[in-house]
Amino acid sequence: MHVMAVQVSGAGFSLIQPRIRCKKGGMRAVCSSATVRTEEEDKVKVGGSDLKVTRLGIGAWSWGDTSYWNNFQWDDKKLKAAKAAFDVSVDSGITFFDTAEVYGSSFSFGAINSETLLGRFIKERKEKDPAVEVAVATKFAALPWRLGRGSVVSALKDSLCRLGLSSVELYQLHWPGIWGNEGYIDGLGDAVEKGLVKAVGVSNYSEKRLRDAYEQLKKRGIPLASNQVNYSLIYRAPEENGVKAACDELGITLIAYSPIAQGALTGKYTPENPPTGPRGRIYTPQVLTKLQPLISRIKEIGQNYNKTPTQVVLNWLIAQDNVVPIPGAKNAEQAQEFCGALGWRLTDEEVSELRSMASVIKPVIGFPVEKL
(Lines give C-alpha, C1' and ligand atoms only; values in the text may rest on other atoms or scores of the structure.)
Protein backbone atom coordinates (compact mmCIF):
# COMPACT_ATOMS: atom_id res chain seq x y z
CA MET A 1 0.00 0.00 0.00
CA HIS A 2 1.41 3.36 -0.99
CA VAL A 3 1.67 6.17 1.50
CA MET A 4 -1.00 8.82 1.17
CA ALA A 5 0.50 12.30 1.34
CA VAL A 6 -1.65 15.26 2.29
CA GLN A 7 -0.61 18.78 3.29
CA VAL A 8 -3.56 20.74 4.62
CA SER A 9 -2.81 22.93 7.57
CA GLY A 10 -6.42 23.56 8.57
CA ALA A 11 -7.16 19.86 8.75
CA GLY A 12 -4.50 18.96 11.23
CA PHE A 13 -2.60 16.27 9.37
CA SER A 14 0.06 15.99 6.73
CA LEU A 15 1.02 12.38 6.05
CA ILE A 16 -0.83 9.21 6.88
CA GLN A 17 -0.39 5.52 6.22
CA PRO A 18 -2.95 2.72 6.19
CA ARG A 19 -2.61 1.57 9.76
CA ILE A 20 -2.32 3.66 12.90
CA ARG A 21 -1.69 1.08 15.58
CA CYS A 22 -2.00 1.38 19.31
CA LYS A 23 1.41 1.06 20.91
CA LYS A 24 1.89 1.09 24.64
CA GLY A 25 5.02 2.65 26.03
CA GLY A 26 6.21 4.60 29.01
CA MET A 27 6.99 8.27 29.08
CA ARG A 28 7.77 10.81 31.71
CA ALA A 29 5.42 13.68 32.35
CA VAL A 30 5.93 16.62 34.65
CA CYS A 31 3.25 18.37 36.65
CA SER A 32 2.62 22.05 36.16
CA SER A 33 2.79 24.67 38.83
CA ALA A 34 -0.40 25.39 40.76
CA THR A 35 -2.84 27.86 39.29
CA VAL A 36 -5.76 29.76 40.71
CA ARG A 37 -9.01 27.93 40.12
CA THR A 38 -11.82 30.07 38.71
CA GLU A 39 -15.54 29.37 38.71
CA GLU A 40 -16.46 26.94 35.94
CA GLU A 41 -18.66 28.29 33.19
CA ASP A 42 -22.02 26.69 32.59
CA LYS A 43 -21.69 23.78 30.21
CA VAL A 44 -23.55 23.53 26.91
CA LYS A 45 -25.24 20.55 25.32
CA VAL A 46 -23.58 19.15 22.23
CA GLY A 47 -26.34 19.04 19.65
CA GLY A 48 -29.27 16.80 20.48
CA SER A 49 -27.12 14.43 22.54
CA ASP A 50 -27.00 14.18 26.33
CA LEU A 51 -23.35 15.24 26.32
CA LYS A 52 -22.49 18.57 27.96
CA VAL A 53 -19.11 20.28 27.57
CA THR A 54 -17.52 23.56 28.57
CA ARG A 55 -18.28 26.55 26.32
CA LEU A 56 -14.70 26.48 25.12
CA GLY A 57 -12.50 23.44 24.54
CA ILE A 58 -8.81 22.85 23.98
CA GLY A 59 -7.41 21.50 20.72
CA ALA A 60 -4.54 19.02 21.05
CA TRP A 61 -3.37 18.98 17.41
CA SER A 62 0.08 20.33 18.33
CA TRP A 63 0.75 17.84 21.12
CA GLY A 64 3.44 15.45 19.89
CA ASP A 65 3.33 16.88 16.36
CA THR A 66 6.52 17.56 14.40
CA SER A 67 5.10 17.93 10.89
CA TYR A 68 3.36 21.30 11.27
CA TRP A 69 3.81 22.64 14.79
CA ASN A 70 6.73 22.84 17.21
CA ASN A 71 9.29 23.80 14.56
CA PHE A 72 9.54 20.15 13.51
CA GLN A 73 10.88 18.92 16.85
CA TRP A 74 9.47 17.49 20.06
CA ASP A 75 11.38 17.34 23.32
CA ASP A 76 10.94 17.10 27.07
CA LYS A 77 10.44 20.85 27.35
CA LYS A 78 7.51 20.77 24.92
CA LEU A 79 6.09 17.74 26.73
CA LYS A 80 6.17 19.59 30.04
CA ALA A 81 4.53 22.60 28.40
CA ALA A 82 1.70 20.48 26.96
CA LYS A 83 1.14 18.84 30.34
CA ALA A 84 1.01 22.27 31.96
CA ALA A 85 -1.50 23.40 29.32
CA PHE A 86 -3.72 20.45 30.22
CA ASP A 87 -3.49 21.02 33.97
CA VAL A 88 -4.07 24.77 33.79
CA SER A 89 -7.09 24.22 31.53
CA VAL A 90 -8.64 21.80 34.01
CA ASP A 91 -7.75 24.09 36.92
CA SER A 92 -9.52 26.91 35.09
CA GLY A 93 -12.67 24.83 34.52
CA ILE A 94 -12.06 24.01 30.84
CA THR A 95 -12.43 20.23 30.63
CA PHE A 96 -13.23 19.56 26.95
CA PHE A 97 -10.26 18.32 24.88
CA ASP A 98 -10.22 17.54 21.16
CA THR A 99 -7.66 15.20 19.60
CA ALA A 100 -7.48 12.77 16.65
CA GLU A 101 -5.82 9.50 15.73
CA VAL A 102 -3.60 11.23 13.15
CA TYR A 103 -2.34 14.00 15.43
CA GLY A 104 1.30 13.36 16.34
CA SER A 105 1.25 9.84 14.92
CA SER A 106 4.47 8.40 13.51
CA PHE A 107 2.64 8.01 10.23
CA SER A 108 2.25 11.77 10.02
CA PHE A 109 5.90 12.27 10.98
CA GLY A 110 4.92 13.02 14.56
CA ALA A 111 6.95 12.22 17.66
CA ILE A 112 4.16 10.75 19.79
CA ASN A 113 0.43 10.42 19.28
CA SER A 114 -1.65 13.24 20.75
CA GLU A 115 -4.16 10.67 22.01
CA THR A 116 -1.41 8.92 23.97
CA LEU A 117 -0.34 12.19 25.59
CA LEU A 118 -3.90 13.21 26.46
CA GLY A 119 -4.55 9.78 27.96
CA ARG A 120 -1.45 10.03 30.14
CA PHE A 121 -2.33 13.52 31.28
CA ILE A 122 -5.84 12.40 32.26
CA LYS A 123 -4.52 9.35 34.11
CA GLU A 124 -2.00 11.39 36.09
CA ARG A 125 -4.60 14.00 36.92
CA LYS A 126 -7.10 11.40 38.13
CA GLU A 127 -4.46 9.87 40.38
CA LYS A 128 -4.31 13.20 42.23
CA ASP A 129 -7.96 14.17 41.80
CA PRO A 130 -10.16 11.09 41.22
CA ALA A 131 -13.31 13.24 40.96
CA VAL A 132 -12.10 15.24 37.97
CA GLU A 133 -14.21 14.81 34.85
CA VAL A 134 -12.65 15.35 31.43
CA ALA A 135 -14.63 15.21 28.17
CA VAL A 136 -12.60 13.70 25.33
CA ALA A 137 -13.34 14.14 21.63
CA THR A 138 -11.32 12.28 19.03
CA LYS A 139 -11.62 11.58 15.31
CA PHE A 140 -11.66 8.80 12.72
CA ALA A 141 -9.39 9.26 9.69
CA ALA A 142 -11.52 8.51 6.61
CA LEU A 143 -8.71 6.98 4.57
CA PRO A 144 -9.49 5.46 1.14
CA TRP A 145 -8.47 1.96 2.18
CA ARG A 146 -10.79 1.97 5.19
CA LEU A 147 -14.01 0.35 4.03
CA GLY A 148 -17.29 -0.24 5.81
CA ARG A 149 -18.82 0.48 9.16
CA GLY A 150 -16.50 -1.97 10.92
CA SER A 151 -13.48 0.21 10.17
CA VAL A 152 -14.96 3.00 12.31
CA VAL A 153 -15.46 0.83 15.39
CA SER A 154 -12.04 -0.78 14.91
CA ALA A 155 -10.30 2.61 14.70
CA LEU A 156 -12.21 3.86 17.74
CA LYS A 157 -11.04 0.86 19.77
CA ASP A 158 -7.44 1.67 18.77
CA SER A 159 -7.98 5.26 19.86
CA LEU A 160 -9.41 4.10 23.19
CA CYS A 161 -6.33 1.93 23.65
CA ARG A 162 -4.01 4.90 23.13
CA LEU A 163 -6.15 7.07 25.42
CA GLY A 164 -6.36 4.38 28.09
CA LEU A 165 -10.14 4.84 28.27
CA SER A 166 -13.12 2.52 27.90
CA SER A 167 -15.16 5.17 26.08
CA VAL A 168 -14.97 8.76 24.88
CA GLU A 169 -17.52 11.54 24.99
CA LEU A 170 -17.46 12.47 21.28
CA TYR A 171 -16.28 10.55 18.20
CA GLN A 172 -16.09 12.40 14.89
CA LEU A 173 -15.36 11.61 11.26
CA HIS A 174 -12.30 13.80 10.63
CA TRP A 175 -13.24 14.51 7.00
CA PRO A 176 -15.63 12.95 4.46
CA GLY A 177 -14.21 9.96 2.65
CA ILE A 178 -13.68 9.68 -1.08
CA TRP A 179 -16.28 6.90 -0.89
CA GLY A 180 -18.00 4.82 1.78
CA ASN A 181 -19.45 7.70 3.77
CA GLU A 182 -22.75 5.92 4.43
CA GLY A 183 -20.79 3.05 5.95
CA TYR A 184 -18.82 5.46 8.10
CA ILE A 185 -22.03 7.05 9.41
CA ASP A 186 -23.39 3.57 10.17
CA GLY A 187 -20.14 2.94 12.06
CA LEU A 188 -20.73 6.01 14.20
CA GLY A 189 -24.17 4.69 15.08
CA ASP A 190 -22.69 1.29 15.92
CA ALA A 191 -20.17 2.98 18.24
CA VAL A 192 -23.00 4.65 20.14
CA GLU A 193 -24.97 1.42 20.44
CA LYS A 194 -21.89 -0.46 21.68
CA GLY A 195 -21.45 2.12 24.45
CA LEU A 196 -18.04 3.20 23.20
CA VAL A 197 -19.06 6.85 22.83
CA LYS A 198 -21.68 9.20 24.24
CA ALA A 199 -22.14 11.33 21.13
CA VAL A 200 -21.03 11.36 17.50
CA GLY A 201 -20.21 14.08 15.03
CA VAL A 202 -18.50 14.91 11.76
CA SER A 203 -15.82 17.37 10.68
CA ASN A 204 -15.25 19.40 7.52
CA TYR A 205 -18.72 18.47 6.25
CA SER A 206 -20.55 20.63 3.71
CA GLU A 207 -24.21 21.52 4.23
CA LYS A 208 -25.42 18.70 1.97
CA ARG A 209 -23.19 16.07 3.55
CA LEU A 210 -24.23 17.35 6.98
CA ARG A 211 -27.93 17.01 6.23
CA ASP A 212 -27.46 13.53 4.75
CA ALA A 213 -25.52 12.33 7.80
CA TYR A 214 -28.13 13.86 10.13
CA GLU A 215 -30.99 12.05 8.38
CA GLN A 216 -29.12 8.73 8.26
CA LEU A 217 -28.45 8.73 11.99
CA LYS A 218 -31.94 10.04 12.77
CA LYS A 219 -33.42 6.83 11.34
CA ARG A 220 -31.66 4.97 14.17
CA GLY A 221 -32.76 7.47 16.79
CA ILE A 222 -29.22 8.81 17.15
CA PRO A 223 -28.58 12.58 16.95
CA LEU A 224 -25.73 13.97 14.88
CA ALA A 225 -24.24 16.09 17.65
CA SER A 226 -21.60 18.24 15.98
CA ASN A 227 -19.76 19.42 12.88
CA GLN A 228 -16.20 20.60 13.46
CA VAL A 229 -15.09 23.15 10.87
CA ASN A 230 -12.56 25.90 10.28
CA TYR A 231 -14.23 29.04 11.65
CA SER A 232 -12.79 32.31 12.85
CA LEU A 233 -13.32 36.04 12.50
CA ILE A 234 -11.26 36.02 9.28
CA TYR A 235 -12.49 32.65 7.99
CA ARG A 236 -16.28 32.75 8.00
CA ALA A 237 -17.00 30.18 5.29
CA PRO A 238 -19.49 28.35 7.56
CA GLU A 239 -21.64 31.50 7.52
CA GLU A 240 -21.43 31.73 3.73
CA ASN A 241 -21.78 28.09 2.63
CA GLY A 242 -24.88 27.21 4.65
CA VAL A 243 -23.10 25.08 7.26
CA LYS A 244 -23.70 27.41 10.22
CA ALA A 245 -27.37 27.91 9.27
CA ALA A 246 -27.88 24.16 8.87
CA CYS A 247 -26.27 23.49 12.26
CA ASP A 248 -28.57 26.04 13.90
CA GLU A 249 -31.64 24.65 12.11
CA LEU A 250 -30.95 21.00 12.93
CA GLY A 251 -29.63 21.53 16.45
CA ILE A 252 -26.06 20.49 15.61
CA THR A 253 -23.26 22.15 17.58
CA LEU A 254 -20.59 23.85 15.46
CA ILE A 255 -17.14 23.16 16.90
CA ALA A 256 -14.70 25.77 15.59
CA TYR A 257 -11.12 24.73 14.90
CA SER A 258 -8.41 27.31 14.15
CA PRO A 259 -10.57 29.91 15.97
CA ILE A 260 -7.67 32.34 16.35
CA ALA A 261 -6.49 31.62 12.78
CA GLN A 262 -3.49 29.63 14.00
CA GLY A 263 -2.23 32.65 15.95
CA ALA A 264 -2.74 35.26 13.22
CA LEU A 265 -5.45 37.01 15.27
CA THR A 266 -3.52 37.11 18.55
CA GLY A 267 -1.60 40.28 17.73
CA LYS A 268 1.62 38.35 18.29
CA TYR A 269 2.63 38.41 14.63
CA THR A 270 3.39 41.42 12.45
CA PRO A 271 4.63 41.85 8.86
CA GLU A 272 8.12 42.19 10.37
CA ASN A 273 7.64 39.17 12.63
CA PRO A 274 5.59 36.48 10.82
CA PRO A 275 5.08 32.99 12.25
CA THR A 276 7.75 30.36 11.69
CA GLY A 277 7.37 26.99 9.98
CA PRO A 278 4.52 26.11 7.60
CA ARG A 279 2.29 28.85 9.04
CA GLY A 280 4.72 31.42 7.66
CA ARG A 281 3.80 30.31 4.15
CA ILE A 282 0.12 30.98 4.88
CA TYR A 283 0.25 34.10 7.02
CA THR A 284 2.83 35.97 4.96
CA PRO A 285 3.95 39.57 5.60
CA GLN A 286 1.52 40.63 2.87
CA VAL A 287 -1.42 38.92 4.60
CA LEU A 288 -0.37 40.25 8.01
CA THR A 289 -0.16 43.78 6.60
CA LYS A 290 -3.80 43.58 5.51
CA LEU A 291 -4.74 42.28 8.97
CA GLN A 292 -3.22 45.17 10.91
CA PRO A 293 -6.25 47.56 10.92
CA LEU A 294 -8.47 44.73 12.21
CA ILE A 295 -5.89 43.69 14.82
CA SER A 296 -5.62 47.29 16.01
CA ARG A 297 -9.40 47.55 16.48
CA ILE A 298 -9.49 44.19 18.28
CA LYS A 299 -6.83 45.52 20.67
CA GLU A 300 -8.83 48.71 21.26
CA ILE A 301 -11.99 46.77 22.06
CA GLY A 302 -10.03 44.43 24.31
CA GLN A 303 -8.65 47.34 26.33
CA ASN A 304 -12.21 48.35 27.22
CA TYR A 305 -12.72 44.95 28.86
CA ASN A 306 -9.12 44.44 30.01
CA LYS A 307 -8.92 41.52 27.57
CA THR A 308 -6.30 40.39 25.07
CA PRO A 309 -6.90 40.16 21.30
CA THR A 310 -7.05 36.35 21.65
CA GLN A 311 -9.79 36.61 24.26
CA VAL A 312 -11.73 39.07 22.12
CA VAL A 313 -11.75 36.92 18.97
CA LEU A 314 -12.69 33.79 20.93
CA ASN A 315 -15.51 35.71 22.58
CA TRP A 316 -16.62 36.86 19.12
CA LEU A 317 -17.11 33.22 18.11
CA ILE A 318 -18.94 32.32 21.32
CA ALA A 319 -21.24 35.29 20.66
CA GLN A 320 -22.38 33.63 17.42
CA ASP A 321 -24.27 31.10 19.60
CA ASN A 322 -24.21 27.33 19.07
CA VAL A 323 -20.42 27.56 18.61
CA VAL A 324 -17.74 25.91 20.77
CA PRO A 325 -14.25 27.15 19.86
CA ILE A 326 -11.29 24.80 20.43
CA PRO A 327 -8.07 26.83 20.30
CA GLY A 328 -4.87 24.85 20.54
CA ALA A 329 -2.89 25.26 23.77
CA LYS A 330 0.83 24.46 23.67
CA ASN A 331 1.64 25.81 27.14
CA ALA A 332 0.16 27.00 30.43
CA GLU A 333 0.18 30.67 29.44
CA GLN A 334 -1.96 30.05 26.38
CA ALA A 335 -4.39 27.86 28.33
CA GLN A 336 -4.78 30.51 31.03
CA GLU A 337 -5.39 33.18 28.39
CA PHE A 338 -8.11 31.11 26.70
CA CYS A 339 -10.00 30.90 29.99
CA GLY A 340 -10.27 34.70 29.92
CA ALA A 341 -12.50 34.47 26.84
CA LEU A 342 -15.30 33.22 29.11
CA GLY A 343 -17.49 35.03 31.63
CA TRP A 344 -18.17 38.19 29.59
CA ARG A 345 -19.60 39.14 26.21
CA LEU A 346 -18.96 41.61 23.43
CA THR A 347 -21.84 43.92 22.57
CA ASP A 348 -23.89 43.24 19.45
CA GLU A 349 -22.44 46.42 17.96
CA GLU A 350 -18.87 45.25 18.54
CA VAL A 351 -19.64 41.84 17.06
CA SER A 352 -21.07 43.46 13.95
CA GLU A 353 -18.24 45.97 13.63
CA LEU A 354 -15.56 43.27 13.76
CA ARG A 355 -17.39 41.18 11.16
CA SER A 356 -17.66 44.21 8.89
CA MET A 357 -13.96 45.04 9.22
CA ALA A 358 -12.98 41.41 8.65
CA SER A 359 -15.18 41.11 5.56
CA VAL A 360 -12.69 43.04 3.43
CA ILE A 361 -9.94 40.50 4.18
CA LYS A 362 -9.71 37.61 1.75
CA PRO A 363 -9.64 34.20 3.50
CA VAL A 364 -6.25 32.54 3.13
CA ILE A 365 -6.98 28.90 3.90
CA GLY A 366 -9.74 26.35 3.71
CA PHE A 367 -10.22 22.59 3.71
CA PRO A 368 -10.25 20.85 0.30
CA VAL A 369 -13.57 19.07 0.72
CA GLU A 370 -15.66 21.94 2.08
CA LYS A 371 -17.31 22.59 -1.27
CA LEU A 372 -18.07 18.96 -2.11
# chains A, B, ... in the order shown; residues from 1 in each chain; ligands from 1
$ residues_around --residues "Arg209 (chain A)" --least-positions-apart "4" --cutoff "12 Å" --atoms "only C-alpha atoms" --output "number ranges by chain"
A: 173, 175-177, 181-182, 185, 202-205, 213-216, 224, 227, 242-243, 246-247, 369-372
$ select_by_dssp --residues "region 200-304 of chain A" --states "strand (DSSP E or B)" --output "MDAnalysis selection string"
chainID A and resid 200:203 224:230 232 235 253:257 270 273
$ closest_residue --among "A:Ala335, A:Val102, A:Leu233, A:Ile122" --to "Ser258 (chain A)" --atoms "only C-alpha atoms"
A:Leu233
$ atom_distance --atom1 "CA of Arg236 (chain A)" --atom2 "CA of Leu346 (chain A)"
18.0 Å
$ atom_distance --atom1 "CA of Pro285 (chain A)" --atom2 "CA of Glu353 (chain A)"
24.5 Å
$ atom_distance --atom1 "CA of Lys244 (chain A)" --atom2 "CA of Thr138 (chain A)"
21.4 Å
$ closest_atom_pairs --of "region 242-332 of chain A" --to "region 76-98 of chain A" --cutoff "7 Å" --atoms "only C-alpha atoms" --output "JSON lines"
{"residue": "A:Ala329", "atom": "CA", "partner": "A:Ala85", "partner_atom": "CA", "distance": 6.0}
{"residue": "A:Lys330", "atom": "CA", "partner": "A:Ala82", "partner_atom": "CA", "distance": 5.2}
{"residue": "A:Asn331", "atom": "CA", "partner": "A:Ala81", "partner_atom": "CA", "distance": 4.5}
{"residue": "A:Ala332", "atom": "CA", "partner": "A:Ala85", "partner_atom": "CA", "distance": 4.1}
$ write_last_selection --atoms "N, CA, C and O atoms" --output "PDB file, in the first residue's frame"
ATOM      1  N   ALA A 329      -3.733  24.753  22.681  1.00  0.00           N
ATOM      2  CA  ALA A 329      -2.890  25.264  23.773  1.00  0.00           C
ATOM      3  C   ALA A 329      -1.597  24.459  23.834  1.00  0.00           C
ATOM      4  O   ALA A 329      -1.626  23.257  24.097  1.00  0.00           O
ATOM      5  N   LYS A 330      -0.476  25.122  23.610  1.00  0.00           N
ATOM      6  CA  LYS A 330       0.827  24.462  23.665  1.00  0.00           C
ATOM      7  C   LYS A 330       1.504  24.629  25.021  1.00  0.00           C
ATOM      8  O   LYS A 330       2.460  23.920  25.316  1.00  0.00           O
ATOM      9  N   ASN A 331       1.003  25.576  25.841  1.00  0.00           N
ATOM     10  CA  ASN A 331       1.636  25.812  27.135  1.00  0.00           C
ATOM     11  C   ASN A 331       0.623  26.393  28.119  1.00  0.00           C
ATOM     12  O   ASN A 331      -0.513  26.710  27.754  1.00  0.00           O
ATOM     13  N   ALA A 332       1.052  26.542  29.366  1.00  0.00           N
ATOM     14  CA  ALA A 332       0.163  27.002  30.433  1.00  0.00           C
ATOM     15  C   ALA A 332      -0.331  28.416  30.184  1.00  0.00           C
ATOM     16  O   ALA A 332      -1.496  28.742  30.461  1.00  0.00           O
TER      17      ALA A 332
END
$ closest_residue --among "A:Ser166, A:Gln172, A:Thr284, A:Gln303" --to "Leu196 (chain A)" --atoms "only C-alpha atoms"
A:Ser166
$ residues_around --residues "region 290-300 of chain A" --least-positions-apart "6" --cutoff "8 Å" --atoms "only C-alpha atoms" --output "PyMOL selection string"
chain A and resi 265-267+270+308-309+312-313+354+357-358+361
$ write_last_selection --atoms "N, CA and C atoms" --output "mmCIF file, in the first residue's frame"
data_model
loop_
_atom_site.group_PDB
_atom_site.id
_atom_site.type_symbol
_atom_site.label_atom_id
_atom_site.label_comp_id
_atom_site.auth_asym_id
_atom_site.auth_seq_id
_atom_site.Cartn_x
_atom_site.Cartn_y
_atom_site.Cartn_z
ATOM 1 N N LEU A 265 -4.577 36.003 14.667
ATOM 2 C CA LEU A 265 -5.451 37.010 15.274
ATOM 3 C C LEU A 265 -5.047 37.388 16.696
ATOM 4 N N THR A 266 -3.930 36.868 17.160
ATOM 5 C CA THR A 266 -3.524 37.115 18.546
ATOM 6 C C THR A 266 -2.831 38.457 18.735
ATOM 7 N N GLY A 267 -2.384 39.064 17.612
ATOM 8 C CA GLY A 267 -1.601 40.283 17.726
ATOM 9 C C GLY A 267 -0.129 40.009 17.933
ATOM 10 N N THR A 270 3.440 40.193 13.239
ATOM 11 C CA THR A 270 3.393 41.418 12.447
ATOM 12 C C THR A 270 4.075 41.142 11.112
ATOM 13 N N THR A 308 -7.281 40.472 26.149
ATOM 14 C CA THR A 308 -6.299 40.393 25.075
ATOM 15 C C THR A 308 -7.001 40.194 23.732
ATOM 16 N N PRO A 309 -6.300 40.429 22.610
ATOM 17 C CA PRO A 309 -6.903 40.156 21.304
ATOM 18 C C PRO A 309 -7.395 38.717 21.176
ATOM 19 N N VAL A 312 -10.683 38.371 22.860
ATOM 20 C CA VAL A 312 -11.734 39.073 22.120
ATOM 21 C C VAL A 312 -12.228 38.226 20.950
ATOM 22 N N VAL A 313 -11.305 37.659 20.155
ATOM 23 C CA VAL A 313 -11.748 36.920 18.966
ATOM 24 C C VAL A 313 -12.405 35.590 19.342
ATOM 25 N N LEU A 354 -16.705 44.133 14.062
ATOM 26 C CA LEU A 354 -15.565 43.271 13.760
ATOM 27 C C LEU A 354 -15.834 42.427 12.509
ATOM 28 N N MET A 357 -15.371 44.764 9.505
ATOM 29 C CA MET A 357 -13.962 45.043 9.223
ATOM 30 C C MET A 357 -13.265 43.827 8.625
ATOM 31 N N ALA A 358 -13.630 42.643 9.123
ATOM 32 C CA ALA A 358 -12.985 41.409 8.646
ATOM 33 C C ALA A 358 -13.443 41.027 7.248
ATOM 34 N N ILE A 361 -11.162 41.304 4.211
ATOM 35 C CA ILE A 361 -9.939 40.504 4.182
ATOM 36 C C ILE A 361 -10.231 39.162 3.520
#
$ closest_residue --among "A:Lys43, A:His174, A:Arg120, A:Lys208" --to "Gln228 (chain A)" --atoms "only C-alpha atoms"
A:His174
$ residues_around --residues "Arg345 (chain A)" --least-positions-apart "4" --cutoff "12 Å" --atoms "only C-alpha atoms" --output "VMD selection string"
chain A and resid 301 to 302 304 to 305 307 311 to 321 340 to 341 349 to 351
$ closest_residue --among "A:Lys198, A:Lys362, A:Arg220, A:Lys45" --to "Ala137 (chain A)" --atoms "only C-alpha atoms"
A:Lys198
$ closest_residue --among "A:Pro223, A:Gly187, A:Gly164, A:Pro275" --to "Gly119 (chain A)" --atoms "only C-alpha atoms"
A:Gly164
$ residues_around --residues "Leu156 (chain A)" --least-positions-apart "5" --cutoff "12 Å" --atoms "only C-alpha atoms" --output "PyMOL selection string"
chain A and resi 20-22+100-101+115+137-141+149-151+161-173+184+187-188+190-192+194-197+200
$ select_by_dssp --residues "region 115-357 of chain A" --states "alpha helix (DSSP H)" --output "PyMOL selection string"
chain A and resi 115-128+149-163+181-193+207-218+237-240+243-250+279-282+285-305+309-318+332-339+348-357
